[in-house]
Amino acid sequence: MVSAFARSPRAELAAVRLGVHLALITGAGANVVAARTPQGLLLVDGGSEPHARALERFALETLSCPRVHTLFNTHWHPAQTGSNERLGREGIEIIAHENTRLWLTRKIVVSWRPGSYGPLTPKGLPNKTFYTHSQLSEDGDRIDYGYLGQAHTDGDLYAFFRKENVLVGGGVVSGDRWPVLDWQTGGWIGGLVGAFDILIRLANDETRIVPANGPLLTRADLKDQRAMYFALYGRLVAALNKGLSPDEAIAAEPAKGLKPLWGDPRPFLDEAYRSLWGHFAPNA
């Protein structure tokens, strides 16, 4: 399968050590966390498909591992599942929420990206799924992972490296841009706020939080983002209850004063407003 992003430029991969056995890899389409374990390399997210081969080689070299053993998909998006086909053919364990697996079994068409994505082949599909939470024990480090609810999509998960105090938030968390709020595959802004509540409870002041894109964040950063999304949630619900169209709601500038350094908020606001339709009905 060739994705719509197959013409992407060559990956400029870089690694930042998060511990002796842990590294953050950038440049493969989204942030990827790699961990060396006795069984082999563990990856949280796999970057985009055009970068899969380069990412695998770079990650193995960075952490001096012979092979990849486990891959987490924090959600179904192409920048997170682009290594599934390549690594799945090698027989590795691919862990995801069950909703993520279900999306990957079908052709996905969403308004925020051109073309379609999927279905993945049987070997590329997650082969270990869960519904609530679970954990792995790797070389003295406990990796907790759990469901973040309907948030960025309806299959978002976190992965928490307890020993290193590194929390991977996946697509729920963004460090340098307005994220996609994928309402067409179950995401919604109220759920996004709820997912932040989960992450904030898990973290402490020393936790390093890995977003899908951008630099590492802190628990204080999560609190700031949560406050911003909650404010937007309230303003957009008020617009919905007035019967405003998406264009009218956006024209009211509900993001004014909240996050100007992230650039144009209108695509996110459109997605956030549409995401409310399945959860609220305007007042009669």
# chains A, B, ... in the order shown; residues from 1 in each chain; ligands from 1
>>> select_by_dssp(residues="stretch 144-260 of chain A", states="alpha helix (DSSP H)", output="ChimeraX atom specification")
/A:189-202,219-241,246-251
>>> closest_atom_pairs(of="stretch 42-107 of chain A", to="stretch 184-193 of chain A", cutoff="12 Å", atoms="only C-alpha atoms", output="tab-separated table")
residue	atom	partner	partner_atom	distance
A:His75	CA	A:Thr185	CA	10.4
A:Trp76	CA	A:Thr185	CA	9.3
A:His77	CA	A:Thr185	CA	10.1
A:Asn99	CA	A:Thr185	CA	9.5
A:Thr100	CA	A:Thr185	CA	9.6
A:Leu102	CA	A:Thr185	CA	10.8
A:Trp103	CA	A:Thr185	CA	8.1
A:Leu104	CA	A:Thr185	CA	11.3
A:Arg106	CA	A:Thr185	CA	11.9
A:Lys107	CA	A:Thr185	CA	12.0
>>> write_last_selection(atoms="N, CA and C atoms", output="compact mmCIF listing (two decimals), in the first residue's frame")
# COMPACT_ATOMS: atom_id res chain seq x y z
N HIS A 75 -2.74 5.97 17.90
CA HIS A 75 -4.03 6.09 17.22
C HIS A 75 -3.81 5.70 15.76
N TRP A 76 -4.83 5.79 14.93
CA TRP A 76 -4.76 5.22 13.59
C TRP A 76 -4.06 6.08 12.56
N HIS A 77 -3.77 7.33 12.81
CA HIS A 77 -3.31 8.26 11.78
C HIS A 77 -2.05 7.80 11.07
N ASN A 99 -10.33 0.16 19.01
CA ASN A 99 -10.91 1.06 18.01
C ASN A 99 -9.92 1.41 16.91
N THR A 100 -8.63 1.55 17.29
CA THR A 100 -7.61 1.82 16.28
C THR A 100 -7.49 0.66 15.31
N LEU A 102 -9.77 -1.47 14.52
CA LEU A 102 -10.96 -1.51 13.67
C LEU A 102 -10.88 -0.47 12.55
N TRP A 103 -10.41 0.73 12.84
CA TRP A 103 -10.27 1.72 11.78
C TRP A 103 -9.30 1.24 10.71
N LEU A 104 -8.23 0.59 11.12
CA LEU A 104 -7.20 0.18 10.17
C LEU A 104 -7.61 -1.01 9.30
N ARG A 106 -10.26 -0.89 7.49
CA ARG A 106 -11.15 -0.35 6.46
C ARG A 106 -10.48 0.81 5.73
N LYS A 107 -11.08 1.21 4.63
CA LYS A 107 -10.65 2.40 3.91
C LYS A 107 -11.17 3.62 4.66
>>> residues_around(residues="A:Trp112", least_positions_apart="5", cutoff="10 Å", atoms="only C-alpha atoms", output="MDAnalysis selection string")
chainID A and resid 180:182 184 267:268 271
>>> write_last_selection(atoms="N, CA and C atoms", output="JSON list (two decimals), in the first residue's frame")
[["chain", "number", "residue", "atom", "x", "y", "z"],
["A", 180, "VAL", "N", -5.00, 18.25, 14.78],
["A", 180, "VAL", "CA", -6.21, 17.77, 14.11],
["A", 180, "VAL", "C", -7.16, 17.26, 15.19],
["A", 181, "LEU", "N", -8.40, 17.68, 15.12],
["A", 181, "LEU", "CA", -9.43, 17.10, 15.98],
["A", 181, "LEU", "C", -10.32, 16.26, 15.07],
["A", 182, "ASP", "N", -10.04, 14.98, 15.02],
["A", 182, "ASP", "CA", -10.59, 14.10, 14.00],
["A", 182, "ASP", "C", -12.00, 13.64, 14.38],
["A", 184, "GLN", "N", -14.42, 12.94, 12.53],
["A", 184, "GLN", "CA", -14.99, 11.92, 11.65],
["A", 184, "GLN", "C", -14.60, 10.51, 12.06],
["A", 267, "PRO", "N", -8.97, 26.00, 11.04],
["A", 267, "PRO", "CA", -9.23, 24.59, 10.76],
["A", 267, "PRO", "C", -9.57, 23.80, 12.03],
["A", 268, "PHE", "N", -8.84, 24.07, 13.12],
["A", 268, "PHE", "CA", -9.14, 23.37, 14.37],
["A", 268, "PHE", "C", -10.53, 23.74, 14.88],
["A", 271, "GLU", "N", -13.23, 21.89, 13.01],
["A", 271, "GLU", "CA", -13.31, 20.49, 13.45],
["A", 271, "GLU", "C", -13.93, 20.39, 14.84]]
>>> atom_distance(atom1="atom CA of A:Gln135", atom2="atom CA of A:Gly91")
20.6 Å
>>> closest_atom_pairs(of="stretch 162-265 of chain A", to="stretch 65-72 of chain A", cutoff="12 Å", atoms="only C-alpha atoms", output="JSON lines")
{"residue": "A:Val168", "atom": "CA", "partner": "A:Phe72", "partner_atom": "CA", "distance": 10.6}
{"residue": "A:Gly169", "atom": "CA", "partner": "A:Phe72", "partner_atom": "CA", "distance": 11.9}
{"residue": "A:Gly170", "atom": "CA", "partner": "A:Phe72", "partner_atom": "CA", "distance": 10.2}
>>> select_by_dssp(residues="stretch 118-281 of chain A", states="strand (DSSP E)", output="ChimeraX atom specification")
/A:128-130,133-138,141-147,157-161,166-170,208-211
>>> write_last_selection(atoms="C-alpha atoms", output="short mmCIF file (atom, residue, chain, number, x, y, z; two decimals), in the first residue's frame")
data_model
loop_
_atom_site.label_atom_id
_atom_site.label_comp_id
_atom_site.auth_asym_id
_atom_site.auth_seq_id
_atom_site.Cartn_x
_atom_site.Cartn_y
_atom_site.Cartn_z
CA LYS A 128 -2.62 -7.02 20.65
CA THR A 129 -5.48 -4.73 21.58
CA PHE A 130 -7.13 -3.54 24.79
CA HIS A 133 -5.54 -0.09 30.43
CA SER A 134 -2.69 -2.54 30.75
CA GLN A 135 1.08 -2.65 31.32
CA LEU A 136 4.37 -4.16 30.21
CA SER A 137 7.42 -4.85 32.36
CA GLU A 138 10.68 -4.34 30.50
CA ASP A 141 10.82 -0.43 33.90
CA ARG A 142 7.04 -0.61 33.97
CA ILE A 143 5.28 0.75 30.93
CA ASP A 144 1.67 1.58 31.70
CA TYR A 145 -0.66 2.25 28.81
CA GLY A 146 -4.30 3.17 28.73
CA TYR A 147 -7.25 4.51 26.82
CA LEU A 157 -3.79 5.78 24.08
CA TYR A 158 -0.99 7.00 26.34
CA ALA A 159 2.20 5.12 27.19
CA PHE A 160 3.92 5.93 30.49
CA PHE A 161 7.53 4.87 31.12
CA VAL A 166 8.28 9.90 30.43
CA LEU A 167 4.63 10.10 29.37
CA VAL A 168 3.75 9.77 25.68
CA GLY A 169 0.48 11.54 24.93
CA GLY A 170 0.15 10.73 21.23
CA ARG A 208 8.48 14.81 30.56
CA ILE A 209 5.48 14.68 28.24
CA VAL A 210 5.98 13.69 24.60
CA PRO A 211 3.44 15.26 22.21
#
